[in-house]
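Engineer: To be precise about what I am sending: the file is called work.txt and holds compact mmCIF, C-alpha atoms and all ligand atoms.
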```txt
# COMPACT_ATOMS: atom_id res chain seq x y z
CA MET K 1 197.36 97.33 56.97
CA SER K 2 194.29 95.12 56.86
CA ARG K 3 193.92 91.98 54.79
CA SER K 4 191.72 92.29 51.74
CA ALA K 5 189.45 89.35 52.63
CA PRO K 6 189.98 88.38 56.28
CA GLN K 7 186.80 86.27 56.36
CA LYS K 8 188.40 83.75 53.97
CA ALA K 9 191.68 83.51 55.84
CA LEU K 10 192.73 80.33 57.63
CA THR K 11 192.81 80.61 61.41
CA ALA K 12 195.11 79.12 64.02
CA ALA K 13 192.29 76.68 64.86
CA ASP K 14 192.18 75.54 61.19
CA ILE K 15 195.93 74.91 61.28
CA ARG K 16 195.67 73.08 64.62
CA ALA K 17 192.98 70.83 63.11
CA ARG K 18 195.37 69.75 60.34
CA LYS K 19 197.35 67.52 62.74
CA GLY K 20 198.16 64.26 60.95
CA ALA K 21 196.44 65.37 57.72
CA THR K 22 197.92 66.68 54.45
CA PRO K 23 201.24 68.36 55.30
CA LEU K 24 201.03 72.09 56.04
CA VAL K 25 202.86 74.26 53.53
CA CYS K 26 204.55 77.23 55.19
CA LEU K 27 206.99 79.89 53.96
CA THR K 28 208.26 83.21 55.22
CA ALA K 29 207.47 86.49 53.45
CA TYR K 30 208.45 90.06 54.20
CA THR K 31 206.90 92.12 51.39
CA THR K 32 203.52 92.48 49.67
CA PRO K 33 204.43 91.01 46.24
CA VAL K 34 206.17 87.98 47.72
CA ALA K 35 203.28 87.45 50.16
CA ARG K 36 200.90 87.37 47.16
CA LEU K 37 203.01 84.65 45.53
CA ALA K 38 203.20 82.62 48.76
CA ASP K 39 199.47 83.01 49.46
CA ALA K 40 198.64 81.05 46.30
CA GLU K 41 200.14 77.84 47.76
CA CYS K 42 200.76 78.27 51.48
CA ASP K 43 198.66 77.51 54.54
CA VAL K 44 200.85 79.67 56.78
CA VAL K 45 202.92 82.72 55.86
CA LEU K 46 205.38 83.67 58.59
CA VAL K 47 206.76 87.18 58.87
CA GLY K 48 209.95 85.77 60.35
CA ASP K 49 212.54 87.76 62.24
CA SER K 50 214.86 86.24 59.63
CA VAL K 51 213.86 89.47 57.84
CA GLY K 52 216.76 91.10 59.69
CA MET K 53 219.36 88.88 58.05
CA VAL K 54 217.62 88.32 54.73
CA LEU K 55 216.46 91.85 53.86
CA HIS K 56 218.40 94.15 56.18
CA GLY K 57 221.85 92.52 56.05
CA LEU K 58 222.06 92.09 59.84
CA PRO K 59 224.49 89.48 61.22
CA SER K 60 221.81 87.69 63.28
CA THR K 61 218.14 88.07 64.27
CA LEU K 62 219.03 89.71 67.60
CA PRO K 63 218.93 93.37 66.46
CA VAL K 64 215.45 93.00 64.90
CA THR K 65 212.94 95.40 66.49
CA MET K 66 209.18 95.53 67.05
CA GLU K 67 209.01 98.39 64.55
CA MET K 68 210.65 96.24 61.83
CA MET K 69 208.24 93.36 62.50
CA ILE K 70 205.24 95.70 62.38
CA LEU K 71 206.33 97.38 59.13
CA HIS K 72 206.98 94.06 57.36
CA GLY K 73 203.84 92.53 58.92
CA GLN K 74 201.72 95.33 57.49
CA ALA K 75 203.31 94.84 54.05
CA VAL K 76 202.70 91.07 54.11
CA ALA K 77 199.09 91.51 55.27
CA ARG K 78 198.36 93.49 52.08
CA GLY K 79 199.38 90.46 50.00
CA LEU K 80 197.40 87.72 51.78
CA ASP K 81 193.87 86.47 51.26
CA ARG K 82 193.91 82.86 52.45
CA ALA K 83 197.04 81.91 54.38
CA LEU K 84 197.27 82.33 58.14
CA MET K 85 199.67 85.18 58.84
CA VAL K 86 201.99 84.60 61.79
CA VAL K 87 204.38 87.32 62.99
CA ASP K 88 207.56 86.58 64.92
CA MET K 89 208.07 88.22 68.29
CA PRO K 90 211.54 89.77 68.07
CA PHE K 91 214.34 89.16 70.58
CA ALA K 92 213.79 90.93 73.94
CA SER K 93 210.11 91.64 73.25
CA TYR K 94 208.77 88.75 75.40
CA GLU K 95 211.49 87.17 77.57
CA GLU K 96 210.91 89.42 80.63
CA GLY K 97 207.65 87.61 81.38
CA PRO K 98 204.00 87.15 80.45
CA ALA K 99 203.01 90.83 80.94
CA GLN K 100 205.69 92.15 78.56
CA ALA K 101 204.90 89.34 76.11
CA PHE K 102 201.17 90.13 76.13
CA ARG K 103 201.77 93.85 75.62
CA ASN K 104 204.00 93.29 72.60
CA ALA K 105 202.05 90.37 71.12
CA ALA K 106 198.83 92.40 71.32
CA ARG K 107 200.58 95.31 69.57
CA LEU K 108 201.85 93.01 66.78
CA MET K 109 198.36 91.57 66.26
CA ALA K 110 196.57 94.93 66.38
CA GLU K 111 198.99 96.83 64.13
CA THR K 112 199.56 94.10 61.49
CA GLY K 113 196.30 92.13 61.40
CA ALA K 114 198.23 88.88 62.05
CA GLY K 115 196.25 85.82 63.13
CA ALA K 116 198.98 84.56 65.49
CA VAL K 117 202.46 85.25 66.85
CA LYS K 118 205.49 82.97 67.06
CA LEU K 119 208.01 82.96 69.88
CA GLU K 120 211.12 80.91 70.60
CA GLY K 121 211.58 78.67 73.62
CA GLY K 122 210.15 75.52 75.17
CA ARG K 123 209.54 74.74 78.86
CA THR K 124 210.88 78.17 79.92
CA MET K 125 208.25 79.90 77.76
CA ALA K 126 205.31 77.67 78.76
CA GLU K 127 203.84 80.15 81.26
CA THR K 128 204.12 82.98 78.73
CA ILE K 129 202.48 80.90 75.99
CA ALA K 130 199.62 79.96 78.35
CA THR K 131 199.08 83.61 79.28
CA LEU K 132 198.89 84.74 75.65
CA VAL K 133 196.60 81.88 74.61
CA GLN K 134 194.23 82.44 77.56
CA ARG K 135 194.01 86.12 76.56
CA GLY K 136 193.12 85.42 72.93
CA ILE K 137 196.49 85.39 71.19
CA PRO K 138 197.23 82.18 69.26
CA VAL K 139 200.88 81.14 69.62
CA MET K 140 203.11 79.12 67.32
CA ALA K 141 206.03 77.84 69.41
CA HIS K 142 209.58 77.35 68.09
CA ILE K 143 211.97 74.84 69.68
CA GLY K 144 215.18 73.00 68.80
CA LEU K 145 217.56 75.51 67.25
CA THR K 146 216.21 78.86 68.37
CA PRO K 147 218.24 81.47 66.47
CA GLN K 148 217.61 84.25 69.01
CA SER K 149 219.63 82.13 71.49
CA VAL K 150 222.52 81.58 69.06
CA ASN K 151 225.02 82.99 71.57
CA ALA K 152 223.91 80.68 74.37
CA LEU K 153 223.69 77.65 72.05
CA GLY K 154 227.23 78.19 70.73
CA GLY K 155 226.22 78.59 67.09
CA TYR K 156 223.57 77.34 64.67
CA ARG K 157 224.01 73.68 65.73
CA VAL K 158 221.68 70.69 65.51
CA GLN K 159 219.80 70.39 68.82
CA GLY K 160 218.63 67.23 70.58
CA LYS K 161 221.40 64.81 69.64
CA GLY K 162 221.86 61.76 71.90
CA ALA K 163 220.99 62.39 75.54
CA ASP K 164 219.92 65.96 74.68
CA ALA K 165 216.82 64.51 72.96
CA ASP K 166 214.96 64.44 76.29
CA ARG K 167 215.30 68.22 76.63
CA ILE K 168 213.73 68.84 73.21
CA ARG K 169 210.99 66.26 73.87
CA ASP K 170 210.19 68.00 77.15
CA ASP K 171 210.08 71.39 75.39
CA ALA K 172 207.61 69.99 72.83
CA ARG K 173 205.34 68.58 75.53
CA ALA K 174 205.49 71.84 77.50
CA VAL K 175 204.50 74.14 74.60
CA ALA K 176 201.71 71.78 73.51
CA GLU K 177 200.33 71.61 77.07
CA ALA K 178 200.59 75.41 77.38
CA GLY K 179 198.20 75.77 74.43
CA ALA K 180 200.39 76.55 71.41
CA PHE K 181 198.47 75.70 68.22
CA SER K 182 201.59 74.40 66.45
CA VAL K 183 205.33 74.14 67.00
CA VAL K 184 208.30 74.72 64.72
CA LEU K 185 211.03 72.08 65.14
CA GLU K 186 214.25 73.58 63.82
CA LYS K 187 217.40 71.53 63.21
CA VAL K 188 216.54 68.46 65.29
CA PRO K 189 217.42 64.90 64.21
CA ALA K 190 214.74 63.33 61.98
CA ALA K 191 214.06 60.37 64.32
CA LEU K 192 213.46 62.74 67.24
CA ALA K 193 211.19 64.98 65.13
CA ASP K 194 209.18 61.87 64.16
CA GLN K 195 208.82 60.78 67.81
CA ILE K 196 207.67 64.26 68.86
CA THR K 197 205.23 64.42 65.94
CA ALA K 198 203.73 61.09 67.02
CA GLU K 199 203.55 62.12 70.66
CA ILE K 200 202.12 65.64 70.80
CA ALA K 201 198.61 66.66 69.80
CA ILE K 202 199.53 69.82 67.86
CA PRO K 203 201.08 70.04 64.36
CA THR K 204 204.86 70.02 64.16
CA ILE K 205 206.36 72.19 61.44
CA GLY K 206 209.83 71.09 60.43
CA ILE K 207 212.78 73.11 59.23
CA GLY K 208 215.84 70.93 58.94
CA ALA K 209 213.88 68.24 60.82
CA SER K 210 211.89 65.43 59.12
CA ALA K 211 209.53 64.85 56.18
CA GLY K 212 207.36 63.12 58.80
CA CYS K 213 206.49 66.46 60.47
CA ASP K 214 202.92 67.73 60.05
CA GLY K 215 204.23 70.58 57.88
CA GLN K 216 207.38 72.21 56.53
CA ILE K 217 208.68 75.77 56.56
CA LEU K 218 211.57 77.44 54.77
CA VAL K 219 212.83 81.00 54.49
CA ILE K 220 211.51 82.00 51.08
CA ASP K 221 214.66 83.80 49.97
CA ASP K 222 216.64 80.62 50.74
CA MET K 223 214.45 78.28 48.68
CA LEU K 224 214.29 80.78 45.81
CA GLY K 225 218.08 81.13 45.79
CA LEU K 226 217.68 84.87 46.33
CA PHE K 227 219.60 84.99 49.62
CA ASP K 228 222.97 83.51 48.77
CA ALA K 229 225.23 84.94 51.51
CA PHE K 230 225.24 81.35 52.85
CA LYS K 231 223.06 78.24 52.46
CA PRO K 232 222.03 76.13 55.43
CA LYS K 233 222.52 72.41 54.58
CA PHE K 234 218.80 71.67 55.05
CA VAL K 235 217.72 74.17 52.39
CA LYS K 236 216.69 72.92 48.97
CA ARG K 237 216.96 75.54 46.24
CA TYR K 238 213.87 75.45 44.00
CA ALA K 239 215.12 78.41 41.93
CA HIS K 240 218.28 80.47 41.48
CA LEU K 241 216.91 84.00 41.46
CA ALA K 242 220.11 85.71 42.64
CA ALA K 243 222.00 84.27 39.64
CA ASP K 244 219.10 85.19 37.31
CA ALA K 245 219.03 88.75 38.68
CA ALA K 246 222.81 89.13 38.35
CA GLY K 247 222.53 88.02 34.69
CA ALA K 248 219.70 90.48 34.03
CA ILE K 249 221.61 93.37 35.62
CA ARG K 250 224.72 92.46 33.57
CA ALA K 251 222.68 92.40 30.34
CA TYR K 252 221.11 95.79 31.18
CA ALA K 253 224.52 97.33 31.95
CA GLU K 254 225.99 96.05 28.67
CA GLU K 255 223.03 97.39 26.65
CA VAL K 256 223.17 100.81 28.35
CA ARG K 257 226.90 101.10 27.68
CA ALA K 258 226.40 100.05 24.03
CA ARG K 259 223.37 102.44 23.65
CA ASP K 260 221.22 99.41 22.72
CA PHE K 261 218.81 100.30 25.54
CA PRO K 262 216.45 102.07 25.32
CA ALA K 263 215.39 100.79 21.86
CA PRO K 264 212.83 102.72 19.74
CA GLU K 265 209.95 100.83 21.39
CA HIS K 266 211.04 102.13 24.82
CA VAL K 267 211.12 105.88 23.98
CA PHE K 268 208.34 108.43 23.40
CA THR K 269 207.50 110.24 20.17
CA ASP K 270 206.42 113.91 19.95
CA GLU K 271 202.82 112.73 20.42
CA GLY K 272 203.79 111.08 23.66
CA LYS K 273 203.38 107.56 22.26
CA ILE K 274 205.77 104.66 22.41
O1 LIG N 301 212.49 83.79 61.34
C1 LIG N 301 212.19 82.82 60.62
O2 LIG N 301 212.18 82.92 59.39
C2 LIG N 301 211.85 81.56 61.28
C3 LIG N 301 211.67 80.35 60.43
C4 LIG N 301 212.95 79.97 59.82
C5 LIG N 301 211.05 79.22 61.15
O3 LIG N 301 211.73 81.51 62.45
```
Would you mind writing the file out in structure tokens?

Structural biologist:
Amino acid sequence: MSRSAPQKALTAADIRARKGATPLVCLTAYTTPVARLADAECDVVLVGDSVGMVLHGLPSTLPVTMEMMILHGQAVARGLDRALMVVDMPFASYEEGPAQAFRNAARLMAETGAGAVKLEGGRTMAETIATLVQRGIPVMAHIGLTPQSVNALGGYRVQGKGADADRIRDDARAVAEAGAFSVVLEKVPAALADQITAEIAIPTIGIGASAGCDGQILVIDDMLGLFDAFKPKFVKRYAHLAADAAGAIRAYAEEVRARDFPAPEHVFTDEGKI
């Protein structure tokens, strides 16, 4: 479970101190090998509850459990040396109140070795964030489009348009004042994300927000083109791994059917050599 070199790992305080500096590079990861790849470039690796949709084929993040987050958190921890590991609190693990949130956040930290947790919600979660922070659990907040509230929000819509901007601004102020060390702004208009970034003292991490945020995050399977069930408009594909994998599997199938694979260099001799 434990990280191989925790003493070298970035902390929530290091990330907080990057406000207004070089943009923070953040990605999700759910497995050890992908965490190793992300660790080479990222400041923050998030074990997002997007794992439910991306790896488990679930229709939303709502059915994701504590056990899933712990298992994937432990896998990611084995792949990280430098990046701060943040683990998402799954739906229904914190909304009852500060006591439930502390119990589950402490379990996530203790069983995965994470350096922080992330939870969704603004002003309504301020008391919970303050409780966790005062008891030693760094919190990354997440406002704007909060996917765990997809049913209440009426879909995966942009949040904070027009007069609704005040609500998102108030959420940002509330989580910053409560002690969150950073805040994810998901799917908010760029001008609003820029205003919030200028106003609050903690780093903003944009996803479908603005290049002016203090950092950016994407779901790694989205940017690698590995998850292609659908593509949010804000995602840029830096690779097309699903298409590459489909081509590789097709080539393998054709070679097996034609008895071209395995070739002599892939089979053993009597002496056990290839
Ligand atoms: O679950 C997740 O991957 C997230 C990011 C998209 C911010 O919350």

Engineer: Which residues sit within 10 Å of ligand LIG 301 (chain N), counting only C-alpha atoms and all ligand atoms, listed as a short mmCIF file (atom, residue, chain, number, x, y, z; two decimals) with C-alpha atoms, in the frame of the given file?

Structural biologist:
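Listed below is the output, pocket_10.cif:
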```cif
data_model
loop_
_atom_site.label_atom_id
_atom_site.label_comp_id
_atom_site.auth_asym_id
_atom_site.auth_seq_id
_atom_site.Cartn_x
_atom_site.Cartn_y
_atom_site.Cartn_z
CA CYS K 26 204.55 77.23 55.19
CA LEU K 27 206.99 79.89 53.96
CA THR K 28 208.26 83.21 55.22
CA ALA K 29 207.47 86.49 53.45
CA TYR K 30 208.45 90.06 54.20
CA VAL K 45 202.92 82.72 55.86
CA LEU K 46 205.38 83.67 58.59
CA VAL K 47 206.76 87.18 58.87
CA GLY K 48 209.95 85.77 60.35
CA ASP K 49 212.54 87.76 62.24
CA SER K 50 214.86 86.24 59.63
CA VAL K 51 213.86 89.47 57.84
CA GLY K 52 216.76 91.10 59.69
CA MET K 53 219.36 88.88 58.05
CA VAL K 54 217.62 88.32 54.73
CA THR K 61 218.14 88.07 64.27
CA VAL K 87 204.38 87.32 62.99
CA ASP K 88 207.56 86.58 64.92
CA MET K 89 208.07 88.22 68.29
CA PRO K 90 211.54 89.77 68.07
CA LYS K 118 205.49 82.97 67.06
CA LEU K 119 208.01 82.96 69.88
CA GLU K 120 211.12 80.91 70.60
CA ALA K 141 206.03 77.84 69.41
CA HIS K 142 209.58 77.35 68.09
CA ILE K 143 211.97 74.84 69.68
CA LEU K 145 217.56 75.51 67.25
CA THR K 146 216.21 78.86 68.37
CA PRO K 147 218.24 81.47 66.47
CA GLN K 148 217.61 84.25 69.01
CA VAL K 183 205.33 74.14 67.00
CA VAL K 184 208.30 74.72 64.72
CA LEU K 185 211.03 72.08 65.14
CA GLU K 186 214.25 73.58 63.82
CA ILE K 205 206.36 72.19 61.44
CA GLY K 206 209.83 71.09 60.43
CA ILE K 207 212.78 73.11 59.23
CA GLY K 208 215.84 70.93 58.94
CA GLN K 216 207.38 72.21 56.53
CA ILE K 217 208.68 75.77 56.56
CA LEU K 218 211.57 77.44 54.77
CA VAL K 219 212.83 81.00 54.49
CA ILE K 220 211.51 82.00 51.08
CA ASP K 221 214.66 83.80 49.97
CA ASP K 222 216.64 80.62 50.74
#
```

Engineer: Return the single residue from K:Ala248, K:Ala178, K:Val76, K:Ala165 that is closest to Thr31 (chain K), with distances computed using all atoms listed in the file.

Structural biologist: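 Selected residue with least distance to Thr31 (chain K): K:Val76.
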
Engineer: Let me make sure I understand: among K:Leu62, K:Met69, K:Leu10, K:Leu37, which one has the smallest atom-to-atom distance to Ala92 (chain K) if we use all atoms listed in the file?

Structural biologist: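 Among the listed residues, the smallest separation from Ala92 (chain K) belongs to K:Leu62.
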
Engineer: Do you know which residues are at most 12 Å from Glu41 (chain K) counting all atoms listed in the file, after dropping those on the same chain fewer than 3 positions away, and could you put them as a tab-separated table (two decimals) with C-alpha atoms, in the frame of the given file?

Structural biologist:
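Once everything was written out, this is out-v4.tsv:
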```
chain	number	residue	atom	x	y	z
K	24	LEU	CA	201.03	72.09	56.04
K	25	VAL	CA	202.86	74.26	53.53
K	26	CYS	CA	204.55	77.23	55.19
K	27	LEU	CA	206.99	79.89	53.96
K	34	VAL	CA	206.17	87.98	47.72
K	35	ALA	CA	203.28	87.45	50.16
K	36	ARG	CA	200.90	87.37	47.16
K	37	LEU	CA	203.01	84.65	45.53
K	38	ALA	CA	203.20	82.62	48.76
K	44	VAL	CA	200.85	79.67	56.78
K	45	VAL	CA	202.92	82.72	55.86
K	80	LEU	CA	197.40	87.72	51.78
K	81	ASP	CA	193.87	86.47	51.26
K	82	ARG	CA	193.91	82.86	52.45
K	83	ALA	CA	197.04	81.91	54.38
K	84	LEU	CA	197.27	82.33	58.14
```

Engineer: I'd like to know which of K:Arg167, K:Arg259, K:Arg237, K:Arg78 is closest to Ile196 (chain K), using all atoms listed in the file.

Structural biologist: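 Closest to Ile196 (chain K), using all atoms listed in the file: K:Arg167.
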
Engineer: Can you list, as a PyMOL selection string, every protein, DNA or RNA residue that comes within 10 Å of Phe102 (chain K) when you count all atoms listed in the file, leaving out same-chain residues fewer than 2 positions away?

Structural biologist: chain K and resi 93-94+97-100+104-108+128-129+131-133+135-137

Engineer: Between CA of Ala253 (chain K) and CA of Phe227 (chain K), what is the spacing in Å?

Structural biologist: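 Pair CA of Phe227 (chain K) / CA of Ala253 (chain K) returns 22.1 Å.
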
Engineer: Would you mind listing what lies within 7 Å of region 188-194 of chain K as JSON, numbers by chain, with all atoms listed in the file counted and same-chain residues fewer than 6 positions away left out?

Structural biologist: {"K": [144, 158, 159, 160, 161, 165, 208, 209, 210, 212, 213]}

Engineer: Would you mind putting all heavy atoms back on region 57-68 of chain K and writing the result as a compact mmCIF listing (two decimals), keeping the file's coordinate frame?

Structural biologist:
```
# COMPACT_ATOMS: atom_id res chain seq x y z
N GLY K 57 220.41 92.75 55.99
CA GLY K 57 221.85 92.52 56.05
C GLY K 57 222.42 92.46 57.46
O GLY K 57 223.62 92.66 57.65
N LEU K 58 221.56 92.18 58.45
CA LEU K 58 222.06 92.09 59.84
C LEU K 58 222.78 90.76 60.06
O LEU K 58 222.49 89.77 59.39
CB LEU K 58 220.89 92.23 60.82
CG LEU K 58 220.18 93.60 60.81
CD1 LEU K 58 218.89 93.55 61.62
CD2 LEU K 58 221.13 94.67 61.36
N PRO K 59 223.71 90.71 61.01
CA PRO K 59 224.49 89.48 61.22
C PRO K 59 223.72 88.37 61.92
O PRO K 59 224.13 87.21 61.90
CB PRO K 59 225.67 89.97 62.07
CG PRO K 59 225.16 91.18 62.77
CD PRO K 59 224.17 91.83 61.85
N SER K 60 222.62 88.70 62.59
CA SER K 60 221.81 87.69 63.28
C SER K 60 220.41 88.28 63.42
O SER K 60 220.15 89.42 63.01
CB SER K 60 222.39 87.37 64.67
OG SER K 60 222.11 88.43 65.56
N THR K 61 219.49 87.53 64.07
CA THR K 61 218.14 88.07 64.27
C THR K 61 218.06 88.95 65.53
O THR K 61 217.03 89.57 65.77
CB THR K 61 217.11 86.93 64.38
OG1 THR K 61 217.50 86.04 65.44
CG2 THR K 61 217.00 86.15 63.08
N LEU K 62 219.12 89.00 66.31
CA LEU K 62 219.03 89.71 67.60
C LEU K 62 218.72 91.21 67.50
O LEU K 62 217.99 91.73 68.34
CB LEU K 62 220.31 89.48 68.43
CG LEU K 62 220.27 88.21 69.28
CD1 LEU K 62 220.37 86.95 68.46
CD2 LEU K 62 221.35 88.24 70.34
N PRO K 63 219.24 91.93 66.50
CA PRO K 63 218.93 93.37 66.46
C PRO K 63 217.55 93.72 65.89
O PRO K 63 217.21 94.90 65.82
CB PRO K 63 220.02 93.94 65.53
CG PRO K 63 221.01 92.85 65.31
CD PRO K 63 220.28 91.56 65.52
N VAL K 64 216.77 92.72 65.50
CA VAL K 64 215.45 93.00 64.90
C VAL K 64 214.52 93.62 65.96
O VAL K 64 214.51 93.18 67.11
CB VAL K 64 214.84 91.70 64.33
CG1 VAL K 64 213.41 91.92 63.86
CG2 VAL K 64 215.71 91.19 63.17
N THR K 65 213.77 94.65 65.54
CA THR K 65 212.94 95.40 66.49
C THR K 65 211.44 95.16 66.25
O THR K 65 211.04 94.67 65.19
CB THR K 65 213.20 96.92 66.33
OG1 THR K 65 212.80 97.28 64.99
CG2 THR K 65 214.65 97.28 66.55
N MET K 66 210.64 95.56 67.20
CA MET K 66 209.18 95.53 67.05
C MET K 66 208.76 96.35 65.83
O MET K 66 207.89 95.95 65.07
CB MET K 66 208.52 96.12 68.30
CG MET K 66 208.47 95.22 69.50
SD MET K 66 207.27 93.86 69.30
CE MET K 66 205.72 94.76 69.34
N GLU K 67 209.40 97.51 65.65
CA GLU K 67 209.01 98.39 64.55
C GLU K 67 209.26 97.71 63.21
O GLU K 67 208.45 97.82 62.28
CB GLU K 67 209.79 99.72 64.63
CG GLU K 67 209.30 100.67 65.72
CD GLU K 67 209.49 100.13 67.14
OE1 GLU K 67 210.47 99.38 67.40
OE2 GLU K 67 208.63 100.44 67.99
N MET K 68 210.38 96.97 63.09
CA MET K 68 210.65 96.24 61.83
C MET K 68 209.58 95.17 61.61
O MET K 68 209.07 95.00 60.49
CB MET K 68 212.04 95.58 61.88
CG MET K 68 213.18 96.57 61.78
SD MET K 68 214.75 95.83 62.29
CE MET K 68 215.14 94.85 60.87
```
